[in-house]
$ cat start_5.tsv   # TSV, C-alpha atoms (C1' of nucleotides)
chain	number	residue	atom	x	y	z
A	1	MET	CA	-40.03	58.38	52.64
A	2	ASP	CA	-40.37	59.70	49.09
A	3	TYR	CA	-41.42	57.84	45.95
A	4	ASN	CA	-37.96	56.65	44.92
A	5	GLU	CA	-37.00	55.51	48.36
A	6	ALA	CA	-40.28	53.64	48.74
A	7	LYS	CA	-40.04	52.03	45.34
A	8	ASN	CA	-36.47	50.88	45.92
A	9	LYS	CA	-37.37	49.54	49.31
A	10	PHE	CA	-40.22	47.55	47.81
A	11	ILE	CA	-38.07	46.19	44.98
A	12	SER	CA	-35.21	45.17	47.21
A	13	THR	CA	-37.52	43.63	49.82
A	14	TRP	CA	-39.25	41.61	47.12
A	15	GLY	CA	-35.82	40.55	45.84
A	16	SER	CA	-34.61	39.21	49.16
A	17	LEU	CA	-37.94	37.59	49.92
A	18	GLY	CA	-37.66	35.80	46.58
A	19	THR	CA	-34.23	34.50	47.50
A	20	LEU	CA	-35.67	33.11	50.71
A	21	TRP	CA	-38.22	31.20	48.64
A	22	GLY	CA	-35.84	29.81	46.07
A	23	ILE	CA	-36.45	32.50	43.45
A	24	ASN	CA	-33.47	34.41	42.19
A	25	LYS	CA	-33.04	38.02	43.05
A	26	ALA	CA	-33.15	39.44	39.54
A	27	MET	CA	-36.33	37.55	38.73
A	28	ALA	CA	-38.09	38.73	41.87
A	29	GLN	CA	-36.92	42.31	41.36
A	30	ILE	CA	-38.02	42.45	37.73
A	31	HIS	CA	-41.38	41.22	38.86
A	32	ALA	CA	-41.60	43.82	41.62
A	33	LEU	CA	-40.62	46.58	39.21
A	34	LEU	CA	-43.26	45.61	36.66
A	35	LEU	CA	-45.86	45.20	39.36
A	36	VAL	CA	-45.62	48.85	40.38
A	37	SER	CA	-44.99	50.37	36.96
A	38	PRO	CA	-48.10	52.08	35.63
A	39	ASP	CA	-46.90	51.42	32.06
A	40	PRO	CA	-45.19	48.54	30.30
A	41	LEU	CA	-41.38	48.63	30.37
A	42	SER	CA	-38.87	47.73	27.68
A	43	MET	CA	-35.88	45.51	28.30
A	44	GLU	CA	-33.70	48.63	28.27
A	45	ASP	CA	-35.83	50.23	30.96
A	46	ILE	CA	-35.52	47.16	33.14
A	47	MET	CA	-31.77	46.82	32.60
A	48	GLU	CA	-31.26	50.43	33.48
A	49	GLN	CA	-33.53	50.62	36.51
A	50	LEU	CA	-32.21	47.42	38.07
A	51	GLN	CA	-28.63	47.73	36.78
A	52	ILE	CA	-28.54	44.25	35.28
A	53	SER	CA	-27.21	42.93	32.00
A	54	ARG	CA	-29.23	42.26	28.88
A	55	GLY	CA	-28.76	38.49	29.17
A	56	ASN	CA	-29.93	38.47	32.75
A	57	ALA	CA	-33.01	40.53	31.92
A	58	SER	CA	-33.86	38.38	28.93
A	59	MET	CA	-33.57	35.05	30.78
A	60	ASN	CA	-35.50	36.15	33.83
A	61	LEU	CA	-38.27	37.76	31.81
A	62	ARG	CA	-38.63	34.48	30.01
A	63	GLN	CA	-38.98	32.62	33.29
A	64	LEU	CA	-41.56	35.10	34.54
A	65	MET	CA	-43.53	34.53	31.36
A	66	ASP	CA	-43.22	30.75	31.86
A	67	TRP	CA	-44.75	31.24	35.28
A	68	GLY	CA	-47.60	33.08	33.58
A	69	ILE	CA	-47.25	36.26	35.63
A	70	VAL	CA	-45.52	38.57	33.13
A	71	PHE	CA	-46.65	39.28	29.58
A	72	LYS	CA	-45.18	40.74	26.42
A	73	GLU	CA	-46.86	43.75	24.95
A	74	ASN	CA	-46.27	45.48	21.63
A	75	LYS	CA	-46.71	49.18	21.09
A	76	MET	CA	-48.03	50.10	17.68
A	77	GLY	CA	-45.34	51.35	15.37
A	78	GLU	CA	-42.54	50.17	17.68
A	79	ARG	CA	-40.38	47.17	17.13
A	80	LYS	CA	-39.24	46.95	20.74
A	81	GLU	CA	-41.02	44.58	23.09
A	82	TYR	CA	-42.58	45.80	26.29
A	83	PHE	CA	-43.42	43.86	29.43
A	84	THR	CA	-46.16	44.06	32.04
A	85	SER	CA	-46.95	42.04	35.13
A	86	GLU	CA	-50.23	40.51	36.13
A	87	LYS	CA	-51.56	43.36	38.25
A	88	ASP	CA	-54.32	41.66	40.22
A	89	VAL	CA	-52.55	40.30	43.28
A	90	GLN	CA	-55.12	37.59	43.88
A	91	GLU	CA	-54.82	36.42	40.30
A	92	LEU	CA	-51.05	36.51	40.82
A	93	ALA	CA	-51.36	34.30	43.89
A	94	ARG	CA	-53.61	31.87	42.04
A	95	GLN	CA	-51.21	31.60	39.16
A	96	ILE	CA	-48.26	30.96	41.47
A	97	ALA	CA	-50.26	28.40	43.44
A	98	LYS	CA	-51.19	26.67	40.21
A	99	GLU	CA	-47.63	26.47	38.98
A	100	ARG	CA	-46.17	25.36	42.28
A	101	SER	CA	-48.77	22.62	42.52
A	102	ARG	CA	-47.89	21.42	39.04
A	103	ARG	CA	-44.14	21.72	39.36
A	104	GLU	CA	-43.51	20.66	42.92
A	105	LEU	CA	-46.49	19.32	44.80
A	106	GLN	CA	-47.63	16.82	42.21
A	107	PRO	CA	-44.21	15.25	41.57
A	108	THR	CA	-43.65	15.04	45.33
A	109	ILE	CA	-47.00	13.37	45.85
A	110	LYS	CA	-46.07	10.76	43.28
A	111	ILE	CA	-42.80	9.93	45.03
A	112	LEU	CA	-44.42	9.82	48.46
A	113	LYS	CA	-46.98	7.44	47.05
A	114	ASP	CA	-44.31	5.14	45.61
A	115	VAL	CA	-42.20	5.21	48.76
A	116	SER	CA	-45.15	4.58	51.08
A	117	ASN	CA	-46.17	1.59	48.99
A	118	ILE	CA	-43.09	-0.53	49.61
A	119	LYS	CA	-43.97	-3.81	51.18
A	120	GLU	CA	-44.14	-4.15	54.93
A	121	ASP	CA	-41.44	-6.55	56.16
A	122	GLY	CA	-42.16	-6.53	59.86
A	123	THR	CA	-39.15	-4.41	60.85
A	124	ALA	CA	-39.61	-1.25	62.87
A	125	LYS	CA	-37.66	0.87	60.39
A	126	THR	CA	-39.80	-0.18	57.44
A	127	ARG	CA	-42.95	0.39	59.47
A	128	GLU	CA	-41.78	3.89	60.37
A	129	LEU	CA	-40.82	4.80	56.81
A	130	ILE	CA	-44.22	3.68	55.55
A	131	LYS	CA	-46.08	5.41	58.34
A	132	GLN	CA	-44.36	8.77	57.93
A	133	THR	CA	-44.40	8.89	54.15
A	134	LYS	CA	-48.10	7.90	54.21
A	135	ALA	CA	-48.82	10.78	56.58
A	136	LEU	CA	-46.91	13.21	54.38
A	137	HIS	CA	-48.66	11.86	51.32
A	138	GLU	CA	-52.04	12.43	52.88
A	139	MET	CA	-51.15	15.94	53.92
A	140	ALA	CA	-49.72	16.79	50.49
A	141	ASP	CA	-52.85	15.44	48.84
A	142	THR	CA	-55.07	17.55	51.07
A	143	LEU	CA	-52.98	20.63	50.34
A	144	ASP	CA	-53.16	19.98	46.63
A	145	ILE	CA	-56.93	19.68	46.78
A	146	MET	CA	-57.11	22.91	48.80
A	147	MET	CA	-54.87	24.72	46.35
A	148	ASN	CA	-56.84	23.55	43.36
A	149	LYS	CA	-60.02	24.60	45.07
A	150	VAL	CA	-58.56	28.04	45.54
A	151	ILE	CA	-57.35	28.16	41.93
A	152	GLY	CA	-60.87	27.53	40.67
A	153	GLN	CA	-62.23	30.28	42.86
A	154	ASP	CA	-63.16	33.83	41.88
A	155	HIS	CA	-61.09	36.88	42.66
A	156	ASN	CA	-62.24	37.32	46.19
A	157	TRP	CA	-61.42	33.79	47.28
A	158	ILE	CA	-58.97	34.90	49.90
A	159	THR	CA	-61.49	36.86	51.92
A	160	LYS	CA	-64.06	34.12	51.55
A	161	ALA	CA	-61.62	31.42	52.64
A	162	LEU	CA	-60.74	33.54	55.63
A	163	VAL	CA	-64.35	33.98	56.62
A	164	LYS	CA	-64.90	30.24	56.40
A	165	LEU	CA	-61.83	29.42	58.44
A	166	ILE	CA	-62.72	31.85	61.19
A	167	LYS	CA	-66.26	30.60	61.62
B	1	MET	CA	-38.36	-1.02	45.57
B	2	ASP	CA	-36.77	-2.24	48.80
B	3	TYR	CA	-36.36	-0.44	52.10
B	4	ASN	CA	-33.00	1.15	51.36
B	5	GLU	CA	-33.95	2.30	47.92
B	6	ALA	CA	-37.20	3.79	49.22
B	7	LYS	CA	-35.50	5.51	52.13
B	8	ASN	CA	-32.82	7.01	49.91
B	9	LYS	CA	-35.38	8.16	47.44
B	10	PHE	CA	-37.34	9.86	50.19
B	11	ILE	CA	-34.26	11.54	51.66
B	12	SER	CA	-32.98	12.80	48.35
B	13	THR	CA	-36.41	14.01	47.25
B	14	TRP	CA	-36.80	15.91	50.49
B	15	GLY	CA	-33.31	17.35	49.97
B	16	SER	CA	-34.04	18.73	46.52
B	17	LEU	CA	-37.47	19.98	47.53
B	18	GLY	CA	-35.80	21.84	50.37
B	19	THR	CA	-33.42	23.51	47.93
B	20	LEU	CA	-36.39	24.64	45.87
B	21	TRP	CA	-37.81	26.32	48.98
B	22	GLY	CA	-34.64	28.02	50.09
B	23	ILE	CA	-33.60	25.36	52.60
B	24	ASN	CA	-30.19	23.84	52.20
B	25	LYS	CA	-29.84	20.24	51.13
B	26	ALA	CA	-28.06	18.94	54.21
B	27	MET	CA	-30.63	20.48	56.52
B	28	ALA	CA	-33.56	19.02	54.60
B	29	GLN	CA	-31.90	15.61	54.38
B	30	ILE	CA	-31.09	15.47	58.07
B	31	HIS	CA	-34.67	16.29	58.76
B	32	ALA	CA	-35.94	13.61	56.38
B	33	LEU	CA	-33.61	11.04	57.93
B	34	LEU	CA	-34.76	11.79	61.47
B	35	LEU	CA	-38.38	11.85	60.39
B	36	VAL	CA	-38.27	8.22	59.28
B	37	SER	CA	-35.89	6.87	61.91
B	38	PRO	CA	-37.75	4.87	64.55
B	39	ASP	CA	-35.06	5.76	67.10
B	40	PRO	CA	-33.04	8.86	67.89
B	41	LEU	CA	-29.76	9.17	65.98
B	42	SER	CA	-26.38	10.43	67.15
B	43	MET	CA	-24.33	12.92	65.21
B	44	GLU	CA	-22.07	10.06	64.09
B	45	ASP	CA	-25.07	8.17	62.73
B	46	ILE	CA	-26.19	11.18	60.75
B	47	MET	CA	-22.71	11.93	59.42
B	48	GLU	CA	-22.29	8.38	58.29
B	49	GLN	CA	-25.70	7.87	56.74
B	50	LEU	CA	-25.66	11.14	54.81
B	51	GLN	CA	-21.89	11.25	54.22
B	52	ILE	CA	-21.47	14.74	55.58
B	53	SER	CA	-18.87	16.31	57.85
B	54	ARG	CA	-19.17	16.85	61.56
B	55	GLY	CA	-19.30	20.61	61.18
B	56	ASN	CA	-22.06	20.42	58.63
B	57	ALA	CA	-24.11	18.07	60.79
B	58	SER	CA	-23.62	20.21	63.87
B	59	MET	CA	-24.62	23.48	62.19
B	60	ASN	CA	-27.66	22.12	60.44
B	61	LEU	CA	-28.91	20.27	63.51
B	62	ARG	CA	-28.70	23.53	65.34
B	63	GLN	CA	-30.81	25.26	62.70
B	64	LEU	CA	-33.39	22.49	62.79
B	65	MET	CA	-33.60	22.93	66.54
B	66	ASP	CA	-33.99	26.70	66.06
B	67	TRP	CA	-36.95	25.94	63.80
B	68	GLY	CA	-38.38	23.86	66.64
B	69	ILE	CA	-38.71	20.70	64.58
B	70	VAL	CA	-35.75	18.66	65.85
B	71	PHE	CA	-34.95	17.91	69.48
B	72	LYS	CA	-31.97	16.74	71.49
B	73	GLU	CA	-32.41	13.60	73.50
B	74	ASN	CA	-30.11	12.05	76.07
B	75	LYS	CA	-29.81	8.34	76.67
B	76	MET	CA	-29.22	7.38	80.27
B	77	GLY	CA	-25.63	6.50	80.95
B	78	GLU	CA	-24.45	7.90	77.62
B	79	ARG	CA	-22.64	11.13	77.13
B	80	LYS	CA	-23.41	11.36	73.43
B	81	GLU	CA	-26.35	13.45	72.28
B	82	TYR	CA	-29.12	11.97	70.21
B	83	PHE	CA	-31.57	13.72	67.93
B	84	THR	CA	-35.19	13.15	66.96
B	85	SER	CA	-37.62	14.98	64.73
B	86	GLU	CA	-41.11	16.11	65.47
B	87	LYS	CA	-42.98	13.06	64.21
B	88	ASP	CA	-46.50	14.39	63.87
B	89	VAL	CA	-46.61	15.86	60.38
B	90	GLN	CA	-49.44	18.26	61.18
B	91	GLU	CA	-47.56	19.55	64.18
B	92	LEU	CA	-44.53	19.87	61.90
B	93	ALA	CA	-46.53	21.94	59.42
B	94	ARG	CA	-47.86	24.15	62.20
B	95	GLN	CA	-44.40	24.76	63.57
B	96	ILE	CA	-43.04	25.64	60.13
B	97	ALA	CA	-46.01	27.93	59.45
B	98	LYS	CA	-45.44	29.64	62.77
B	99	GLU	CA	-41.77	30.25	62.12
B	100	ARG	CA	-42.26	31.42	58.55
B	101	SER	CA	-44.92	33.83	59.69
B	102	ARG	CA	-42.60	35.21	62.34
B	103	ARG	CA	-39.46	35.34	60.23
B	104	GLU	CA	-40.81	36.37	56.84
B	105	LEU	CA	-44.44	37.32	56.68
B	106	GLN	CA	-44.44	39.74	59.59
B	107	PRO	CA	-41.34	41.70	58.53
B	108	THR	CA	-42.72	41.88	54.99
B	109	ILE	CA	-46.06	43.14	56.21
B	110	LYS	CA	-44.29	45.90	58.07
B	111	ILE	CA	-42.41	47.05	54.99
B	112	LEU	CA	-45.51	46.88	52.78
B	113	LYS	CA	-47.30	49.00	55.32
B	114	ASP	CA	-44.54	51.62	55.33
B	115	VAL	CA	-44.25	51.72	51.56
B	116	SER	CA	-47.98	51.94	50.99
B	117	ASN	CA	-48.19	54.85	53.40
B	118	ILE	CA	-46.04	57.29	51.43
B	119	LYS	CA	-47.92	60.39	50.58
B	120	GLU	CA	-49.95	60.61	47.39
B	121	ASP	CA	-48.47	63.24	45.09
B	122	GLY	CA	-50.89	63.03	42.21
B	123	THR	CA	-48.52	61.23	39.81
B	124	ALA	CA	-49.54	57.97	38.16
B	125	LYS	CA	-46.43	56.16	39.33
B	126	THR	CA	-46.98	57.06	42.98
B	127	ARG	CA	-50.62	56.11	42.72
B	128	GLU	CA	-49.67	52.72	41.26
B	129	LEU	CA	-47.00	52.02	43.89
B	130	ILE	CA	-49.46	52.80	46.67
B	131	LYS	CA	-52.24	50.78	45.08
B	132	GLN	CA	-50.18	47.66	44.51
B	133	THR	CA	-48.38	47.64	47.82
B	134	LYS	CA	-51.69	48.22	49.60
B	135	ALA	CA	-53.17	45.21	47.79
B	136	LEU	CA	-50.16	43.08	48.74
B	137	HIS	CA	-50.34	44.31	52.30
B	138	GLU	CA	-53.98	43.33	52.55
B	139	MET	CA	-53.30	39.90	51.13
B	140	ALA	CA	-50.31	39.32	53.38
B	141	ASP	CA	-52.37	40.36	56.40
B	142	THR	CA	-55.13	37.94	55.47
B	143	LEU	CA	-52.62	35.14	54.97
B	144	ASP	CA	-51.04	35.87	58.31
B	145	ILE	CA	-54.40	35.75	60.04
B	146	MET	CA	-55.19	32.46	58.28
B	147	MET	CA	-51.86	30.97	59.26
B	148	ASN	CA	-52.24	31.99	62.85
B	149	LYS	CA	-55.70	30.54	62.88
B	150	VAL	CA	-54.28	27.28	61.65
B	151	ILE	CA	-51.46	27.41	64.19
B	152	GLY	CA	-53.94	27.65	67.04
B	153	GLN	CA	-55.92	24.72	65.72
B	154	ASP	CA	-55.88	21.12	66.95
B	155	HIS	CA	-54.10	18.30	65.14
B	156	ASN	CA	-56.77	17.64	62.59
B	157	TRP	CA	-56.98	21.21	61.37
B	158	ILE	CA	-56.01	20.31	57.87
B	159	THR	CA	-58.96	18.02	57.27
B	160	LYS	CA	-61.31	20.46	58.92
B	161	ALA	CA	-60.04	23.39	56.88
B	162	LEU	CA	-60.49	21.32	53.77
B	163	VAL	CA	-64.05	20.44	54.65
B	164	LYS	CA	-64.84	24.11	55.20
B	165	LEU	CA	-63.27	25.22	51.96
B	166	ILE	CA	-65.08	22.60	49.91
B	167	LYS	CA	-68.51	23.44	51.28
C	1	DT	C1'	-7.20	18.46	88.70
C	2	DT	C1'	-6.85	15.78	84.23
C	3	DA	C1'	-7.99	13.61	80.24
C	4	DA	C1'	-11.28	11.40	77.46
C	5	DA	C1'	-15.46	12.02	74.98
C	6	DC	C1'	-17.88	14.68	72.94
C	7	DT	C1'	-19.70	19.41	70.40
C	8	DT	C1'	-19.07	23.89	68.32
C	9	DT	C1'	-16.81	27.28	65.67
C	10	DC	C1'	-14.81	29.29	61.74
C	11	DA	C1'	-11.32	30.18	58.10
C	12	DA	C1'	-10.36	27.91	54.03
C	13	DT	C1'	-12.15	25.34	50.14
C	14	DA	C1'	-15.46	23.49	47.12
C	15	DT	C1'	-19.76	23.69	44.92
C	16	DT	C1'	-23.65	25.78	43.08
C	17	DT	C1'	-25.97	29.53	41.26
C	18	DT	C1'	-26.21	33.80	39.08
C	19	DT	C1'	-24.61	37.19	36.04
C	20	DT	C1'	-22.22	39.00	32.21
C	21	DG	C1'	-21.40	40.27	27.48
C	22	DA	C1'	-20.47	39.24	23.00
C	23	DA	C1'	-21.76	36.29	19.23
C	24	DA	C1'	-25.54	34.23	16.98
C	25	DG	C1'	-30.26	34.55	15.88
C	26	DT	C1'	-34.59	36.90	14.43
C	27	DT	C1'	-37.61	40.24	12.56
C	28	DT	C1'	-38.91	44.08	9.90
C	29	DA	C1'	-38.50	48.14	6.91
C	30	DA	C1'	-36.81	49.78	2.94
D	1	DT	C1'	-31.80	41.05	-0.67
D	2	DT	C1'	-29.62	43.87	3.18
D	3	DA	C1'	-28.90	46.08	7.22
D	4	DA	C1'	-30.64	48.04	11.32
D	5	DA	C1'	-33.00	47.07	15.53
D	6	DC	C1'	-33.86	44.24	18.37
D	7	DT	C1'	-33.73	39.40	21.34
D	8	DT	C1'	-31.74	35.08	22.69
D	9	DT	C1'	-28.13	31.97	23.81
D	10	DC	C1'	-24.31	30.26	26.23
D	11	DA	C1'	-19.42	29.86	27.73
D	12	DA	C1'	-16.78	32.20	30.95
D	13	DA	C1'	-16.46	34.96	35.20
D	14	DA	C1'	-18.21	36.45	39.44
D	15	DA	C1'	-20.83	35.99	43.44
D	16	DA	C1'	-23.23	33.54	46.76
D	17	DT	C1'	-23.74	29.53	49.43
D	18	DA	C1'	-22.59	25.24	51.49
D	19	DT	C1'	-19.14	22.14	53.23
D	20	DT	C1'	-15.03	20.63	55.36
D	21	DG	C1'	-11.91	19.61	59.04
D	22	DA	C1'	-9.01	20.84	62.53
D	23	DA	C1'	-8.58	23.75	66.55
D	24	DA	C1'	-11.01	25.47	70.38
D	25	DG	C1'	-14.54	24.74	73.60
D	26	DT	C1'	-17.35	22.03	76.91
D	27	DT	C1'	-18.74	18.41	79.93
D	28	DT	C1'	-18.18	14.51	82.79
D	29	DA	C1'	-16.00	10.59	85.06
D	30	DA	C1'	-12.41	9.19	87.65
$ encode --input "start_5.tsv" --output "structure tokens"
Amino acid sequence: MDYNEAKNKFISTWGSLGTLWGINKAMAQIHALLLVSPDPLSMEDIMEQLQISRGNASMNLRQLMDWGIVFKENKMGERKEYFTSEKDVQELARQIAKERSRRELQPTIKILKDVSNIKEDGTAKTRELIKQTKALHEMADTLDIMMNKVIGQDHNWITKALVKLIK
Amino acid sequence: MDYNEAKNKFISTWGSLGTLWGINKAMAQIHALLLVSPDPLSMEDIMEQLQISRGNASMNLRQLMDWGIVFKENKMGERKEYFTSEKDVQELARQIAKERSRRELQPTIKILKDVSNIKEDGTAKTRELIKQTKALHEMADTLDIMMNKVIGQDHNWITKALVKLIK
DNA sequence: TTAAACTTTCAATATTTTTTGAAAGTTTAA
DNA sequence: TTAAACTTTCAAAAAATATTGAAAGTTTAA
């Protein structure tokens, strides 16, 4: 496997993985491309390498910046904007964990809390709804605490967490 | 909020969360419905409560069974099939972790391994591709080990893991 | 056997999501 | 200012995905 084959394999794998996780293909592929590019890339570079339109590139780069994992960079004397990815994979994971907690986990926790607080009326179905949503709420809360713990950790958290879990 | 309102809120929240994670709405909603139903439901029940077609119900129930989180049940003297969900949320999480590891993490690890093993040719771009895919490979490996650790754990793993991480 | 009661399959349709590309917007150099 | 160099926006088109429903398949009771 040569460089180009390997790079394309990585980019397309990352793209389909993204899809599986609710992230669109272009967004995941742009991220993969930036992650392995030694230098910042312009929008043109990205459009050309991934064969996507300007609009597509622009919108997905924006989303990646909203996620806090891609940054704009300016080269001196050039008007064009360049883009780079967060290169430290553990920092990347922390940032994604942080955003997913904020965007998904926390709103879900709120709804589970509301639903599990309806008043008990003695019927089996109400009892079951309360019981299951309470259990999910507890689990989601624990996960959120774990994730926030990890977010506040230093760069080697993953190894440390592993060591602790194995003990 | 009364029972019906709460139940619908839970089912629709679970449905849209599912979508966000690459799981289709009907599948996530069927799962939510079974999770809070005190008794097994027939396909008719599910079709009626979620207003979906027979084909849709049948296909998504099958997928949920493939994930190992929904089971068929037979009532004595009845020909119709009934369905229940795994009710223990920690067991549910373990089962999902197990399947995602098998279906996604492991294949990805394999590709990262292949890509990161291309031969160094002295160029910056090759060096960067190898470096980044190696880092991802290492992280994915660690995550897989952590997940498998969790999968082999008893039902209170989540609390225990939390305690360890906080220490 | 047969036929009723049920489930599965799958081609067609509908829905949702993504992508395009050109117009509008912005910034900067002259 | 103006116009060139660039980016963003967004309506329309394309692509991907989910859903339907009826025909085919299966199982069981009689």
$ closest_atom_pairs --input "start_5.tsv" --of "chain B" --to "chain A" --cutoff "8 Å" --atoms "only C-alpha atoms" --output "CSV"
residue,atom,partner,partner_atom,distance
B:Met1,CA,A:Ile118,CA,6.2
B:Asp2,CA,A:Ile118,CA,6.6
B:Tyr3,CA,A:Thr126,CA,6.4
B:Ala6,CA,A:Val115,CA,5.2
B:Lys7,CA,A:Leu129,CA,7.1
B:Lys9,CA,A:Val115,CA,7.5
B:Phe10,CA,A:Val115,CA,6.9
B:Thr13,CA,A:Thr108,CA,7.6
B:Leu17,CA,A:Glu104,CA,7.6
B:Thr19,CA,A:Gly22,CA,7.0
B:Leu20,CA,A:Gly22,CA,5.2
B:Trp21,CA,A:Trp21,CA,4.9
B:Gly22,CA,A:Gly22,CA,4.6
B:Leu35,CA,A:Gln132,CA,7.2
B:Val36,CA,A:Leu129,CA,4.9
B:Ser37,CA,A:Lys125,CA,6.4
B:Pro38,CA,A:Lys125,CA,5.8
B:Lys87,CA,A:Gln132,CA,7.7
B:Val89,CA,A:Leu136,CA,6.6
B:Gln90,CA,A:Met139,CA,7.8
B:Glu104,CA,A:Leu17,CA,7.6
B:Thr108,CA,A:Thr13,CA,7.5
B:Ile111,CA,A:Phe10,CA,7.5
B:Leu112,CA,A:Phe10,CA,7.3
B:Val115,CA,A:Ala6,CA,5.2
B:Ile118,CA,A:Met1,CA,6.2
B:Lys119,CA,A:Asp2,CA,7.7
B:Ala124,CA,A:Pro38,CA,6.6
B:Lys125,CA,A:Pro38,CA,5.8
B:Thr126,CA,A:Tyr3,CA,6.4
B:Glu128,CA,A:Val36,CA,5.7
B:Leu129,CA,A:Val36,CA,4.9
B:Gln132,CA,A:Val36,CA,6.3
B:Ala135,CA,A:Val89,CA,6.7
B:Leu136,CA,A:Val89,CA,6.6
B:Met139,CA,A:Ile158,CA,7.7
B:Thr142,CA,A:Leu162,CA,7.1
B:Met146,CA,A:Leu162,CA,6.2
B:Lys149,CA,A:Ile166,CA,7.3
B:Ile158,CA,A:Thr142,CA,7.4
B:Thr159,CA,A:Thr142,CA,7.3
B:Ala161,CA,A:Leu165,CA,6.5
B:Leu162,CA,A:Met146,CA,6.2
B:Lys164,CA,A:Lys164,CA,6.2
B:Leu165,CA,A:Ala161,CA,6.5
B:Ile166,CA,A:Lys149,CA,7.3
$ closest_atom_pairs --input "start_5.tsv" --of "chain C" --to "stretch 7-14 of chain D" --cutoff "10 Å" --atoms "only C-alpha atoms (C1' of nucleotides)" --output "JSON lines"
{"residue": "C:DT18", "atom": "C1'", "partner": "D:DA14", "partner_atom": "C1'", "distance": 8.4}
{"residue": "C:DT19", "atom": "C1'", "partner": "D:DA14", "partner_atom": "C1'", "distance": 7.3}
{"residue": "C:DT20", "atom": "C1'", "partner": "D:DA13", "partner_atom": "C1'", "distance": 7.6}
{"residue": "C:DG21", "atom": "C1'", "partner": "D:DA12", "partner_atom": "C1'", "distance": 9.9}
{"residue": "C:DA23", "atom": "C1'", "partner": "D:DT9", "partner_atom": "C1'", "distance": 9.0}
{"residue": "C:DA24", "atom": "C1'", "partner": "D:DT9", "partner_atom": "C1'", "distance": 7.6}
{"residue": "C:DG25", "atom": "C1'", "partner": "D:DT8", "partner_atom": "C1'", "distance": 7.0}
{"residue": "C:DT26", "atom": "C1'", "partner": "D:DT7", "partner_atom": "C1'", "distance": 7.4}
{"residue": "C:DT27", "atom": "C1'", "partner": "D:DT7", "partner_atom": "C1'", "distance": 9.6}
$ residues_around --input "start_5.tsv" --residues "D:DA29" --least-positions-apart "5" --cutoff "12 Å" --atoms "all atoms listed in the file" --output "PyMOL selection string"
(chain B and resi 77-79) or (chain C and resi 2-5)
$ closest_atom_pairs --input "start_5.tsv" --of "chain A" --to "chain C" --cutoff "12 Å" --atoms "all atoms listed in the file" --output "Markdown table"
| residue | atom | partner | partner_atom | distance |
| --- | --- | --- | --- | --- |
| A:Thr19 | CA | C:DT17 | C1' | 11.5 |
| A:Gly22 | CA | C:DT17 | C1' | 11.0 |
| A:Ile23 | CA | C:DT17 | C1' | 11.1 |
| A:Asn24 | CA | C:DT18 | C1' | 7.9 |
| A:Lys25 | CA | C:DT18 | C1' | 9.0 |
| A:Ala26 | CA | C:DT18 | C1' | 9.0 |
| A:Met27 | CA | C:DT18 | C1' | 10.8 |
| A:Gln51 | CA | C:DT19 | C1' | 11.3 |
| A:Ile52 | CA | C:DT19 | C1' | 8.1 |
| A:Ser53 | CA | C:DT20 | C1' | 6.4 |
| A:Arg54 | CA | C:DG21 | C1' | 8.2 |
| A:Gly55 | CA | C:DT20 | C1' | 7.2 |
| A:Asn56 | CA | C:DT19 | C1' | 6.4 |
| A:Ala57 | CA | C:DT19 | C1' | 9.9 |
| A:Ser58 | CA | C:DT19 | C1' | 11.7 |
| A:Met59 | CA | C:DT19 | C1' | 10.6 |
| A:Asn60 | CA | C:DT18 | C1' | 10.9 |
| A:Gly77 | CA | C:DT28 | C1' | 11.1 |
| A:Glu78 | CA | C:DT28 | C1' | 10.5 |
| A:Arg79 | CA | C:DT28 | C1' | 8.0 |
| A:Lys80 | CA | C:DT27 | C1' | 10.7 |
| A:Glu81 | CA | C:DT27 | C1' | 11.9 |
$ atom_distance --input "start_5.tsv" --atom1 "atom CA of A:Glu99" --atom2 "atom CA of A:Asn148"
10.6 Å
$ interface_residues --input "start_5.tsv" --of "chain D" --to "chain B" --cutoff "10 Å" --atoms "all atoms listed in the file" --output "list in words"
DT17, DA18, DT19, DT20, DG21, DT27 and DT28 of chain D
$ atom_distance --input "start_5.tsv" --atom1 "atom CA of A:Ala28" --atom2 "atom CA of A:Trp67"
12.0 Å
$ atom_distance --input "start_5.tsv" --atom1 "atom CA of A:Arg62" --atom2 "atom CA of A:Ile30"
11.1 Å
$ residues_around --input "start_5.tsv" --residues "A:Thr84" --least-positions-apart "5" --cutoff "7 Å" --atoms "all atoms listed in the file" --output "VMD selection string"
chain A and resid 34 40 to 41 70 to 72
$ build_atoms --input "start_5.tsv" --residues "stretch 24-28 of chain B" --atoms "N, CA and C atoms" --output "PDB file, in the frame of the given file"
ATOM      1  N   ASN B  24     -31.309  24.540  52.801  1.00  0.00           N
ATOM      2  CA  ASN B  24     -30.190  23.840  52.200  1.00  0.00           C
ATOM      3  C   ASN B  24     -30.343  22.326  52.276  1.00  0.00           C
ATOM      4  N   LYS B  25     -29.654  21.667  51.350  1.00  0.00           N
ATOM      5  CA  LYS B  25     -29.840  20.240  51.130  1.00  0.00           C
ATOM      6  C   LYS B  25     -29.558  19.417  52.383  1.00  0.00           C
ATOM      7  N   ALA B  26     -28.429  19.711  53.028  1.00  0.00           N
ATOM      8  CA  ALA B  26     -28.060  18.940  54.210  1.00  0.00           C
ATOM      9  C   ALA B  26     -29.139  19.065  55.288  1.00  0.00           C
ATOM     10  N   MET B  27     -29.620  20.251  55.500  1.00  0.00           N
ATOM     11  CA  MET B  27     -30.630  20.480  56.520  1.00  0.00           C
ATOM     12  C   MET B  27     -31.905  19.682  56.216  1.00  0.00           C
ATOM     13  N   ALA B  28     -32.347  19.748  54.974  1.00  0.00           N
ATOM     14  CA  ALA B  28     -33.560  19.020  54.600  1.00  0.00           C
ATOM     15  C   ALA B  28     -33.346  17.517  54.695  1.00  0.00           C
TER      16      ALA B  28
END
